[in-house]
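Engineer: Compact mmCIF, C-alpha atoms, saved as protein-v3.txt, coming up:
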# COMPACT_ATOMS: atom_id res chain seq x y z
CA MET A 281 113.68 62.03 92.26
CA SER A 282 115.81 59.02 91.65
CA ARG A 283 118.74 57.78 93.68
CA VAL A 284 121.77 55.85 92.55
CA THR A 285 123.63 54.06 95.34
CA VAL A 286 127.18 52.79 95.27
CA GLN A 287 128.39 50.11 97.65
CA VAL A 288 131.97 49.03 98.25
CA ARG A 289 132.61 45.76 100.10
CA ASP A 290 135.94 44.38 101.15
CA ALA A 291 136.94 40.77 101.73
CA GLY A 292 136.01 40.97 105.40
CA GLY A 293 132.48 42.13 104.64
CA HIS A 294 133.06 45.72 105.62
CA VAL A 295 130.77 47.95 103.61
CA ALA A 296 130.69 51.61 102.67
CA THR A 297 127.88 53.23 100.68
CA ALA A 298 127.33 56.56 98.98
CA SER A 299 124.45 57.86 96.88
CA ALA A 300 123.57 60.64 94.49
CA ASP A 301 120.10 61.97 93.66
CA TYR A 302 118.84 63.15 90.30
CA VAL A 303 115.66 64.19 88.53
CA VAL A 304 114.60 63.28 85.04
CA GLY A 305 111.87 64.92 83.05
CA LEU A 306 112.05 68.52 84.06
CA GLN A 307 108.92 70.61 83.52
CA PRO A 308 109.31 73.34 80.93
CA VAL A 309 110.30 76.71 82.31
CA LEU A 310 107.43 79.19 82.11
CA GLY A 311 108.19 82.18 79.91
CA GLY A 312 106.59 85.32 81.25
CA TYR A 313 106.11 89.02 80.89
CA TYR A 314 105.37 92.36 82.48
CA LEU A 315 104.17 95.42 80.59
CA SER A 316 105.00 98.92 81.76
CA GLY A 317 102.54 100.55 84.07
CA GLY A 318 100.81 97.27 84.84
CA ALA A 319 99.06 97.76 81.51
CA ASP A 320 97.05 95.05 79.77
CA PRO A 321 99.65 92.67 78.27
CA THR A 322 97.10 90.50 76.49
CA ALA A 323 97.88 91.76 72.98
CA ASP A 324 101.64 91.41 73.47
CA MET A 325 101.31 87.86 74.78
CA ALA A 326 98.72 86.64 72.28
CA GLY A 327 99.93 83.78 70.13
CA GLY A 328 103.21 83.41 72.01
CA ASN A 329 104.20 80.83 74.61
CA PHE A 330 103.69 83.27 77.50
CA ARG A 331 102.60 81.40 80.60
CA SER A 332 103.52 83.65 83.47
CA LEU A 333 102.97 87.29 84.45
CA THR A 334 104.25 89.66 87.11
CA GLN A 335 102.00 92.36 88.61
CA TYR A 336 102.61 94.96 91.30
CA ARG A 337 100.13 96.20 93.87
CA SER A 338 100.45 98.28 97.00
CA PHE A 339 98.67 97.12 100.12
CA ALA A 340 97.59 100.76 100.34
CA ASP A 341 95.52 100.33 97.20
CA GLY A 342 91.84 99.61 97.62
CA TYR A 343 91.92 97.53 94.43
CA ILE A 344 94.55 94.79 94.67
CA PHE A 345 92.83 91.80 93.06
CA PRO A 346 92.46 92.00 90.14
CA GLY A 347 93.39 95.67 90.34
CA TYR A 348 91.66 98.87 89.33
CA ASN A 349 90.18 98.51 85.83
CA ARG A 350 92.07 95.28 85.25
CA PRO A 351 89.44 92.68 84.31
CA TRP A 352 91.96 91.23 81.85
CA LEU A 353 93.93 89.82 84.78
CA ILE A 354 91.02 87.51 85.56
CA THR A 355 90.77 86.47 81.92
CA LEU A 356 94.48 85.69 81.73
CA GLY A 357 94.49 83.85 85.05
CA GLN A 358 91.52 81.74 84.05
CA SER A 359 93.32 80.86 80.83
CA GLY A 360 96.18 79.39 82.88
CA ILE A 361 98.71 82.21 83.01
CA GLN A 362 100.57 81.83 86.32
CA MET A 363 100.37 85.09 88.26
CA ASN A 364 103.20 86.43 90.37
CA MET A 365 101.46 89.14 92.38
CA VAL A 366 103.97 91.44 94.05
CA LEU A 367 102.26 92.93 97.08
CA GLU A 368 104.15 95.81 98.63
CA LEU A 369 104.04 97.64 101.92
CA LYS A 370 105.37 100.51 99.80
CA HIS A 371 102.89 103.31 99.22
CA TYR A 372 102.81 104.26 95.55
CA GLY A 373 102.41 107.94 96.31
CA ALA A 374 98.75 108.54 95.69
CA PRO A 375 97.76 111.94 97.05
CA ASN A 376 96.07 110.39 100.06
CA ASP A 377 98.68 108.62 102.15
CA GLY A 378 96.89 109.30 105.39
CA PRO A 379 94.81 106.87 107.46
CA GLN A 380 92.19 104.72 105.73
CA SER A 381 88.89 103.45 107.06
CA PHE A 382 87.00 100.73 105.25
CA THR A 383 84.85 97.68 105.83
CA VAL A 384 85.74 94.13 104.81
CA ASP A 385 83.13 91.39 105.10
CA GLY A 386 81.24 93.40 107.69
CA THR A 387 84.28 94.24 109.80
CA SER A 388 85.39 97.88 110.02
CA TYR A 389 89.08 98.69 109.94
CA THR A 390 91.01 101.89 110.37
CA VAL A 391 94.60 101.71 109.20
CA PRO A 392 96.98 104.55 110.03
CA GLY A 393 99.03 106.13 107.29
CA PRO A 394 102.46 104.71 106.46
CA THR A 395 105.21 105.85 108.84
CA MET A 396 108.32 104.38 107.19
CA THR A 397 110.52 105.67 104.40
CA ILE A 398 112.44 103.33 102.09
CA GLN A 399 114.73 103.65 99.06
CA GLN A 400 116.45 106.54 100.83
CA ARG A 401 118.81 107.31 97.97
CA PRO A 402 120.43 110.71 98.58
CA GLY A 403 119.00 113.48 96.47
CA THR A 404 115.71 111.71 95.80
CA THR A 405 112.28 111.86 97.37
CA TRP A 406 112.02 108.90 99.68
CA PRO A 407 108.91 106.76 99.14
CA LYS A 408 106.70 105.98 102.09
CA ALA A 409 105.82 102.47 103.19
CA TYR A 410 103.87 100.84 105.95
CA GLY A 411 106.49 100.21 108.61
CA TYR A 412 107.64 96.80 109.75
CA GLY A 413 106.81 97.97 113.26
CA GLN A 414 103.33 98.93 112.10
CA VAL A 415 102.87 95.42 110.69
CA LEU A 416 104.00 93.77 113.92
CA ALA A 417 101.70 96.10 115.91
CA HIS A 418 98.72 94.71 113.94
CA GLN A 419 98.07 98.12 112.40
CA CYS A 420 98.03 96.72 108.86
CA ASP A 421 95.70 93.76 109.43
CA GLY A 422 92.89 95.61 107.68
CA LEU A 423 95.03 95.93 104.55
CA PHE A 424 95.65 92.19 104.55
CA ALA A 425 91.96 91.45 105.15
CA ARG A 426 90.98 93.68 102.26
CA ALA A 427 93.48 92.05 99.94
CA LEU A 428 92.41 88.53 100.96
CA ALA A 429 88.71 89.27 100.48
CA GLN A 430 89.43 90.42 96.94
CA TYR A 431 91.79 87.52 96.28
CA ARG A 432 89.08 85.03 97.18
CA THR A 433 86.89 86.36 94.38
CA LEU A 434 89.53 85.85 91.66
CA GLY A 435 88.83 82.19 91.04
CA PHE A 436 92.43 81.00 90.84
CA GLY A 437 95.53 80.77 93.02
CA VAL A 438 98.50 83.07 92.63
CA ASN A 439 101.99 83.44 93.98
CA ILE A 440 102.12 86.28 96.47
CA GLN A 441 105.55 87.89 96.42
CA ILE A 442 105.94 90.10 99.45
CA ALA A 443 107.82 93.26 98.42
CA SER A 444 109.40 93.90 95.06
CA GLU A 445 113.07 94.27 96.04
CA PHE A 446 113.96 94.36 99.72
CA ASP A 447 117.58 95.17 98.83
CA THR A 448 116.54 98.21 96.80
CA ASP A 449 114.18 99.24 99.59
CA HIS A 450 116.86 98.98 102.29
CA GLU A 451 120.08 99.87 100.45
CA PHE A 452 120.30 103.31 102.07
CA GLY A 453 118.63 102.32 105.33
CA THR A 454 115.05 102.94 106.39
CA THR A 455 113.36 105.25 108.86
CA GLU A 456 110.22 104.38 110.79
CA ALA A 457 108.48 106.80 113.12
CA GLY A 458 111.61 108.94 113.28
CA VAL A 459 113.98 106.05 114.07
CA ALA A 460 116.71 105.29 111.54
CA TYR A 461 117.69 101.70 110.78
CA THR A 462 120.72 100.44 108.86
CA TRP A 463 120.45 98.19 105.84
CA ALA A 464 121.11 95.10 107.95
CA GLN A 465 118.67 96.19 110.65
CA SER A 466 116.03 96.88 108.01
CA ASP A 467 116.53 93.38 106.58
CA ALA A 468 116.06 91.80 110.00
CA ARG A 469 112.93 93.85 110.65
CA ALA A 470 111.55 92.96 107.22
CA VAL A 471 112.01 89.24 107.91
CA GLN A 472 109.95 89.67 111.09
CA ALA A 473 107.24 91.55 109.20
CA VAL A 474 107.17 88.96 106.41
CA ASN A 475 106.76 86.23 109.00
CA TYR A 476 103.87 88.17 110.49
CA ILE A 477 102.20 88.59 107.09
CA LEU A 478 102.70 84.89 106.27
CA SER A 479 101.19 83.89 109.60
CA TRP A 480 98.25 86.19 108.99
CA PHE A 481 97.47 84.76 105.56
CA LYS A 482 98.28 81.11 106.33
CA ALA A 483 95.93 81.19 109.34
CA ARG A 484 93.06 81.86 106.93
CA THR A 485 91.44 79.98 104.08
CA LEU A 486 93.37 80.70 100.91
CA PRO A 487 92.47 79.86 97.32
CA ALA A 488 93.93 76.56 96.14
CA ALA A 489 97.44 76.75 94.69
CA THR A 490 98.36 79.84 96.68
CA THR A 491 102.12 80.16 97.05
CA PHE A 492 104.43 82.70 98.66
CA SER A 493 107.83 84.24 98.09
CA VAL A 494 109.77 87.33 99.13
CA GLY A 495 111.07 89.92 96.70
CA ILE A 496 114.70 90.82 96.17
CA ALA A 497 116.65 92.23 93.25
CA GLY A 498 119.68 90.16 94.14
CA PHE A 499 122.51 92.69 93.84
CA ASN A 500 124.01 92.29 97.31
CA ARG A 501 125.21 88.98 98.65
CA GLU A 502 124.98 89.79 102.37
CA CYS A 503 121.44 91.13 102.03
CA PHE A 504 120.46 88.10 99.95
CA GLN A 505 121.60 85.86 102.80
CA ARG A 506 119.90 87.94 105.50
CA ILE A 507 116.55 87.92 103.69
CA HIS A 508 116.54 84.11 103.28
CA PRO A 509 116.92 82.50 106.73
CA GLU A 510 115.91 78.85 106.79
CA PRO A 511 112.93 79.24 109.17
CA LEU A 512 111.47 81.78 106.73
CA MET A 513 112.29 79.67 103.68
CA ALA A 514 110.41 76.77 105.25
CA ARG A 515 107.27 78.91 104.91
CA LEU A 516 107.95 80.04 101.35
CA ASP A 517 107.40 78.12 98.12
CA PHE A 518 109.78 79.94 95.80
CA LEU A 519 113.05 81.76 95.73
CA GLN A 520 112.95 84.96 93.69
CA TRP A 521 115.42 87.37 92.18
CA ASN A 522 115.64 89.67 89.21
CA ALA A 523 118.17 89.58 86.38
CA TYR A 524 119.16 92.56 84.24
CA ALA A 525 121.84 93.14 81.65
CA THR A 526 123.01 96.73 82.00
CA ASN A 527 126.58 96.35 80.78
CA ALA A 528 127.90 95.17 77.45
CA ASN A 529 129.79 92.33 79.15
CA HIS A 530 126.71 91.02 80.97
CA THR A 531 125.79 87.62 79.53
CA ALA A 532 122.52 85.84 80.15
CA LEU A 533 124.41 83.15 82.02
CA SER A 534 126.23 85.63 84.26
CA GLN A 535 123.11 87.63 85.10
CA PHE A 536 120.79 84.73 85.86
CA ARG A 537 123.39 82.78 87.79
CA ARG A 538 124.73 85.32 90.26
CA ALA A 539 122.03 84.96 92.90
CA LYS A 540 121.84 81.24 92.18
CA ASP A 541 125.50 80.87 93.05
CA TRP A 542 124.87 82.77 96.28
CA THR A 543 121.94 80.47 97.01
CA VAL A 544 124.09 77.39 96.59
CA ALA A 545 127.03 78.83 98.54
CA ASP A 546 125.27 80.71 101.34
CA LEU A 547 121.73 79.44 101.91
CA GLY A 548 120.49 76.33 103.67
CA PRO A 549 119.05 73.14 102.23
CA ILE A 550 115.45 74.32 102.48
CA ALA A 551 116.17 77.46 100.48
CA ARG A 552 118.18 75.48 97.96
CA SER A 553 115.26 73.12 97.42
CA ARG A 554 112.90 75.89 96.32
CA PRO A 555 112.29 76.65 92.64
CA VAL A 556 112.95 80.17 91.43
CA ILE A 557 110.70 82.83 90.00
CA ILE A 558 112.57 85.48 88.05
CA ALA A 559 109.95 88.19 88.58
CA GLU A 560 111.84 90.57 86.30
CA TRP A 561 114.49 90.14 83.68
CA GLY A 562 115.54 92.58 81.04
CA VAL A 563 118.14 93.97 78.70
CA ARG A 564 118.95 97.68 78.77
CA ALA A 565 119.11 98.96 75.22
CA ALA A 566 121.51 101.79 76.06
CA GLU A 567 124.38 99.36 76.67
CA ILE A 568 123.12 96.42 74.61
CA PRO A 569 121.36 97.89 71.57
CA ASN A 570 120.79 94.45 70.06
CA GLN A 571 118.34 93.28 72.70
CA ALA A 572 117.06 90.53 70.44
CA ALA A 573 120.47 88.86 70.19
CA TRP A 574 120.85 88.87 73.98
CA ILE A 575 117.33 87.53 74.49
CA ALA A 576 118.14 84.70 72.09
CA THR A 577 120.87 83.47 74.46
CA VAL A 578 118.52 83.16 77.42
CA PRO A 579 117.02 79.69 76.77
CA SER A 580 120.40 77.97 76.66
CA ALA A 581 121.55 79.87 79.76
CA ILE A 582 118.46 78.82 81.72
CA GLY A 583 118.77 75.28 80.45
CA ARG A 584 122.38 75.09 81.50
CA LEU A 585 121.68 76.52 84.95
CA ASN A 586 118.86 74.05 85.51
CA ALA A 587 121.05 71.16 84.41
CA GLU A 588 123.71 72.12 86.95
CA GLY A 589 121.68 71.21 89.98
CA GLY A 590 120.74 73.54 92.82
CA PRO A 591 117.50 75.52 92.72
CA LEU A 592 115.58 75.23 89.46
CA ILE A 593 114.52 78.34 87.62
CA ALA A 594 110.79 77.78 87.08
CA ARG A 595 109.50 81.06 85.63
CA THR A 596 111.17 84.01 83.94
CA ASN A 597 109.10 87.16 83.38
CA TYR A 598 110.49 89.74 80.96
CA PHE A 599 110.18 93.27 82.32
CA ASN A 600 109.12 95.41 79.37
CA SER A 601 109.52 98.64 81.31
CA GLY A 602 112.33 100.68 82.85
CA TRP A 603 115.69 99.01 82.22
CA GLY A 604 114.09 96.27 80.18
CA THR A 605 112.04 98.45 77.81
CA LEU A 606 111.99 96.73 74.44
CA THR A 607 113.22 99.14 71.76
CA PRO A 608 111.88 98.77 69.17
CA LYS A 609 109.08 96.88 70.83
CA ALA A 610 108.14 94.71 67.87
CA THR A 611 111.70 93.41 67.47
CA GLY A 612 112.05 92.67 71.15
CA LEU A 613 108.70 90.92 71.34
CA ALA A 614 109.61 88.77 68.35
CA ALA A 615 112.83 87.76 70.11
CA LEU A 616 110.92 86.93 73.29
CA ARG A 617 108.45 84.81 71.35
CA ALA A 618 111.29 82.96 69.66
CA ALA A 619 113.07 82.41 72.98
CA TYR A 620 109.94 81.11 74.69
CA ALA A 621 109.42 78.69 71.81
CA THR A 622 112.81 77.11 72.56
CA PRO A 623 113.71 74.50 75.21
CA PRO A 624 113.69 74.69 78.22
CA TYR A 625 110.56 76.79 77.69
CA VAL A 626 108.78 74.08 75.71
CA MET B 139 140.53 45.34 109.08
CA ALA B 140 139.62 48.83 107.90
CA THR B 141 136.25 49.89 106.52
CA PRO B 142 136.40 51.06 102.93
CA THR B 143 135.45 54.56 101.86
CA VAL B 144 133.40 55.63 98.86
CA THR B 145 131.95 58.78 97.34
CA ALA B 146 129.51 59.12 94.43
CA ALA B 147 129.08 62.19 92.22
CA LEU B 148 126.83 62.75 89.20
CA ASN B 149 127.58 65.18 86.40
CA GLY B 150 124.30 66.98 87.18
CA SER B 151 121.15 66.61 89.22
CA VAL B 152 118.51 67.33 86.58
CA PHE B 153 118.50 65.50 83.27
CA ALA B 154 116.29 65.56 80.23
CA PRO B 155 114.94 62.20 79.13
CA GLY B 156 117.53 60.49 76.97
CA GLN B 157 120.41 62.53 78.29
CA GLN B 158 123.65 60.73 79.25
CA MET B 159 124.38 60.63 82.96
CA LEU B 160 127.87 60.01 84.30
CA LEU B 161 128.54 58.72 87.79
CA THR B 162 132.03 59.06 89.23
CA VAL B 163 132.82 56.74 92.13
CA THR B 164 135.91 57.31 94.22
CA TYR B 165 136.79 54.47 96.56
CA ALA B 166 139.59 53.17 98.74
CA ASP B 167 140.45 50.82 101.59
CA ALA B 168 143.55 51.10 103.75
CA ASP B 169 143.94 47.33 103.77
CA THR B 170 143.86 46.87 100.07
CA GLN B 171 147.34 45.94 98.80
CA VAL B 172 148.43 44.93 95.39
CA LEU B 173 151.39 42.52 95.48
CA THR B 174 153.46 41.43 92.57
CA LEU B 175 154.80 37.85 92.96
CA THR B 176 157.80 36.89 90.88
CA LEU B 177 158.48 33.12 90.46
CA VAL B 178 161.71 31.62 89.26
CA ILE B 179 162.22 27.83 89.09
CA THR B 180 165.73 26.58 89.81
CA ASP B 181 166.68 22.92 89.16
CA ALA B 182 169.33 20.78 90.91
CA ARG B 183 172.02 21.96 88.54
CA GLY B 184 171.29 25.57 89.17
CA ASN B 185 169.46 26.24 85.89
CA LYS B 186 166.90 29.00 86.31
CA SER B 187 163.70 29.47 84.42
CA ALA B 188 162.66 32.81 83.05
CA PRO B 189 160.84 34.81 85.76
CA VAL B 190 157.05 34.72 85.82
CA GLU B 191 155.06 37.51 87.47
CA ALA B 192 151.68 37.21 89.11
CA ILE B 193 149.52 39.92 90.66
CA ALA B 194 147.79 39.26 93.96
CA VAL B 195 145.32 41.66 95.60
CA ILE B 196 145.01 41.51 99.38
CA ASP B 197 141.54 42.44 100.62
CA PRO B 198 140.08 43.28 97.21
CA LEU B 199 137.08 45.62 96.97
CA THR B 200 133.81 44.80 95.27
CA LEU B 201 131.89 47.72 93.81
CA THR B 202 128.17 47.51 93.15
CA VAL B 203 125.88 50.20 91.75
CA THR B 204 122.12 50.11 92.26
CA ASP B 205 119.44 52.57 91.19
CA ASP B 206 116.02 52.87 92.79
CA SER B 207 114.53 53.90 89.44
CA GLY B 208 115.70 50.67 87.86
CA ARG B 209 118.15 52.32 85.49
CA VAL B 210 121.16 50.24 84.53
CA TRP B 211 124.59 51.76 85.08
CA ALA B 212 127.35 50.46 82.81
CA ARG B 213 131.00 50.63 83.84
CA VAL B 214 133.02 52.90 81.58
CA SER B 215 136.33 52.71 83.42
CA ASP B 216 137.82 51.57 86.73
CA ASN B 217 141.42 52.06 87.79
CA GLY B 218 141.03 50.67 91.29
CA ALA B 219 140.48 54.08 92.87
CA VAL B 220 138.09 55.91 90.55
CA ALA B 221 135.36 54.24 88.55
CA VAL B 222 133.06 55.91 86.05
CA TYR B 223 129.62 54.55 85.20
CA ARG B 224 127.20 55.68 82.53
CA SER B 225 123.44 55.56 82.26
CA VAL B 226 120.71 57.26 80.26
CA ALA B 227 118.05 59.46 81.82
With the file now loaded, output its structure as structure tokens.
Structural biologist:
Amino acid sequence: MSRVTVQVRDAGGHVATASADYVVGLQPVLGGYYLSGGADPTADMAGGNFRSLTQYRSFADGYIFPGYNRPWLITLGQSGIQMNMVLELKHYGAPNDGPQSFTVDGTSYTVPGPTMTIQQRPGTTWPKAYGYGQVLAHQCDGLFARALAQYRTLGFGVNIQIASEFDTDHEFGTTEAGVAYTWAQSDARAVQAVNYILSWFKARTLPAATTFSVGIAGFNRECFQRIHPEPLMARLDFLQWNAYATNANHTALSQFRRAKDWTVADLGPIARSRPVIIAEWGVRAAEIPNQAAWIATVPSAIGRLNAEGGPLIARTNYFNSGWGTLTPKATGLAALRAAYATPPYV
Amino acid sequence: MATPTVTAALNGSVFAPGQQMLLTVTYADADTQVLTLTLVITDARGNKSAPVEAIAVIDPLTLTVTDDSGRVWARVSDNGAVAVYRSVA
């Protein structure tokens, strides 16, 4: 950080000063990836400038680090790929969503089943999640202990993103133990639970280079503000949002910048100082059949956003799944490789 | 005498090495006055010289730019209220 200072002095010696700060020599943005189903992305990333990866795990899962049958995650992490591990209170719907009993480092834990529902979109089956009240009542400590014990064996530090998208989770309210909460109430309860989880992990020895963030899609401005209070941001290392093009008039600049503009306009100086992980970005082929052409516009959009000031986008992980599914895959991957070989990615 | 005012704004906050940086300085002082003096010499017979004008600034302002990274900022323009400086990242 450099500072240029301007001083104005009048004939009587009265002085006024002003200054402006700037940074020179930005680090390259890390180009990243996610492959549908949490599948092994090694072949897709080989030979390309892929330096970042998103993964999803449920705290309910007994295999969080590196994940069940996922030895490749260790290989990739040891080779320097920066891991964004999304850890969710959401239960992924395995048949057994009842209580769990297990032992971690000689300590026995019994964790009750999840008692909250999220993503309560009408006409759908609402997923279960460990409740924010359950977290605050210490009922989930065993889940955290299990995750930490596995994390310590990985051999490298990761970013832990708590939840995938709190706005998606809360959009239609939540229900815990029979009590309904509005979107805004759910956001406030989630912030409390995140603070609890952060306190739990930060009170213990963590692998070097461990960082934290919270997950949000970034489609609702009020929710975005509620999820990022300054006292919470002081404990987090990154901002995070996702960026999708699902309409023919969605440009890379417009999709990556929306939540950034909210950050600059609505959040405090601590939040604004944090770099950004785009845990997911993607182009939906239904509306934008030429995915490759859209992907080709991403480097200049990211470069322009980072030159504007405000929070710097540090990592962008393409979501080759769901909305972002590359069709045909080979064409999309070639476009990604070309994009990640272009400044600001190099 | 009034204290001057000044603001400084860069055209960005993150620059690649070699990139041009522009600094816009806006400044003012309530006491600063620009006077135009017009002189005419008249002799004993009433002959008058052509008028001569001179500009005088009351309480002029001095602007200095310093940079803690040692970069040199060159003045591009200055109209007495807004000055633009340029440097290279």
Engineer: So what do you get for CA of Arg469 (chain A) versus CA of Met363 (chain A), distance-wise?
Structural biologist: 27.1 Å
Engineer: Set the cut-off to 8 Å and count only C-alpha atoms: what are the residues of chain B that reach chain A? Output as a ChimeraX atom specification.
Structural biologist: /B:139-155,163,165,167,197-207,227
Engineer: Figure out the distance between CA of Asp541 (chain A) and CA of Ala489 (chain A), please, to one decimal in Å.
Structural biologist: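 Between CA of Ala489 (chain A) and CA of Asp541 (chain A) the gap is 28.4 Å.
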Engineer: So what do you get for CA of Arg595 (chain A) versus CA of Ile558 (chain A), distance-wise?
Structural biologist: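 Value for the CA of Arg595 (chain A)-CA of Ile558 (chain A) distance: 5.9 Å.
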Engineer: Give me, as a ChimeraX atom specification, all polymer residues having an atom no more than 7 Å from region 333-343 of chain A, counting all atoms listed in the file and skipping those fewer than 6 positions away in the same chain.
Structural biologist: /A:312-314,318,361-372,423,559,597
Engineer: Counting only C-alpha atoms, find the residues whose atoms lie at most 8 Å from (99.0, 84.8, 93.9) (file coordinates) and write them out as a PyMOL selection string.
Structural biologist: chain A and resi 363-365+437-441+490-492
Engineer: Can you work out which one of B:Ala166, B:Leu161, B:Leu175, B:Ile196 has the shortest atom-to-atom distance to Val214 (chain B), counting only C-alpha atoms?
Structural biologist: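 Ranking B:Ala166, B:Leu161, B:Leu175, B:Ile196 by distance to Val214 (chain B), first place goes to B:Leu161.
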Engineer: For region 143-159 of chain B, I'd like the enclosing box, axis-aligned and padded by 5 Å on every side, reported as JSON with centre and edge lengths in Å to one decimal.
Structural biologist:
{"center_x": 125.2, "center_y": 60.9, "center_z": 89.4, "size_x": 30.5, "size_y": 22.8, "size_z": 34.9}
Engineer: Choose the residue, out of B:Ala168, B:Ala212, B:Arg183, B:Leu173, that has the smallest atom-to-atom separation from Val195 (chain B); count all atoms listed in the file.
Structural biologist: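 Using all atoms listed in the file, Val195 (chain B) sits closest to B:Leu173.
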Engineer: For region 510-520 of chain A, find every residue with an atom within 8 Å (counting only C-alpha atoms), except residues of its own chain fewer than 6 positions away, and show them as a list in words.
Structural biologist: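 Within the cut-off, the hits are Val471, Asn475, Leu478, Thr491, Phe492, Ser493, Val494, Gly495, Ile496, Leu547, Gly548, Pro549, Ile550, Ala551, Arg554, Pro555, Val556, Ile557, Ile558 and Ala559 of chain A.
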Engineer: Could you list as a VMD selection string every residue that has an atom within 8 Å of (121.8, 98.2, 78.4), using the file's coordinates and counting only C-alpha atoms?
Structural biologist: chain A and resid 525 to 528 563 to 569 603
Engineer: Start from the incomplete input, build N, CA and C atoms for region 558-570 of chain A, and deliver everything as a PDB file, in the coordinates of the input.
Structural biologist:
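Printed below is selection.pdb as written:
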ATOM      1  N   ILE A 558     111.909  84.237  88.450  1.00  0.00           N
ATOM      2  CA  ILE A 558     112.570  85.480  88.050  1.00  0.00           C
ATOM      3  C   ILE A 558     111.428  86.444  87.740  1.00  0.00           C
ATOM      4  N   ALA A 559     111.113  87.300  88.726  1.00  0.00           N
ATOM      5  CA  ALA A 559     109.950  88.190  88.580  1.00  0.00           C
ATOM      6  C   ALA A 559     110.200  89.241  87.514  1.00  0.00           C
ATOM      7  N   GLU A 560     111.472  89.587  87.320  1.00  0.00           N
ATOM      8  CA  GLU A 560     111.840  90.570  86.300  1.00  0.00           C
ATOM      9  C   GLU A 560     113.153  90.141  85.669  1.00  0.00           C
ATOM     10  N   TRP A 561     113.195  90.165  84.339  1.00  0.00           N
ATOM     11  CA  TRP A 561     114.490  90.140  83.680  1.00  0.00           C
ATOM     12  C   TRP A 561     114.437  91.072  82.493  1.00  0.00           C
ATOM     13  N   GLY A 562     115.582  91.606  82.114  1.00  0.00           N
ATOM     14  CA  GLY A 562     115.540  92.580  81.040  1.00  0.00           C
ATOM     15  C   GLY A 562     116.924  92.926  80.530  1.00  0.00           C
ATOM     16  N   VAL A 563     116.924  93.539  79.373  1.00  0.00           N
ATOM     17  CA  VAL A 563     118.140  93.970  78.700  1.00  0.00           C
ATOM     18  C   VAL A 563     118.031  95.463  78.468  1.00  0.00           C
ATOM     19  N   ARG A 564     119.012  96.224  78.947  1.00  0.00           N
ATOM     20  CA  ARG A 564     118.950  97.680  78.770  1.00  0.00           C
ATOM     21  C   ARG A 564     119.550  98.055  77.430  1.00  0.00           C
ATOM     22  N   ALA A 565     118.717  98.683  76.605  1.00  0.00           N
ATOM     23  CA  ALA A 565     119.110  98.960  75.220  1.00  0.00           C
ATOM     24  C   ALA A 565     120.278  99.934  75.131  1.00  0.00           C
ATOM     25  N   ALA A 566     120.442 100.795  76.137  1.00  0.00           N
ATOM     26  CA  ALA A 566     121.510 101.790  76.060  1.00  0.00           C
ATOM     27  C   ALA A 566     122.878 101.124  75.931  1.00  0.00           C
ATOM     28  N   GLU A 567     123.089 100.046  76.706  1.00  0.00           N
ATOM     29  CA  GLU A 567     124.380  99.360  76.670  1.00  0.00           C
ATOM     30  C   GLU A 567     124.383  98.193  75.699  1.00  0.00           C
ATOM     31  N   ILE A 568     123.226  97.594  75.481  1.00  0.00           N
ATOM     32  CA  ILE A 568     123.120  96.420  74.610  1.00  0.00           C
ATOM     33  C   ILE A 568     122.039  96.714  73.577  1.00  0.00           C
ATOM     34  N   PRO A 569     122.393  97.469  72.544  1.00  0.00           N
ATOM     35  CA  PRO A 569     121.360  97.890  71.570  1.00  0.00           C
ATOM     36  C   PRO A 569     120.662  96.698  70.913  1.00  0.00           C
ATOM     37  N   ASN A 570     121.406  95.620  70.700  1.00  0.00           N
ATOM     38  CA  ASN A 570     120.790  94.450  70.060  1.00  0.00           C
ATOM     39  C   ASN A 570     120.158  93.569  71.134  1.00  0.00           C
TER      40      ASN A 570
END
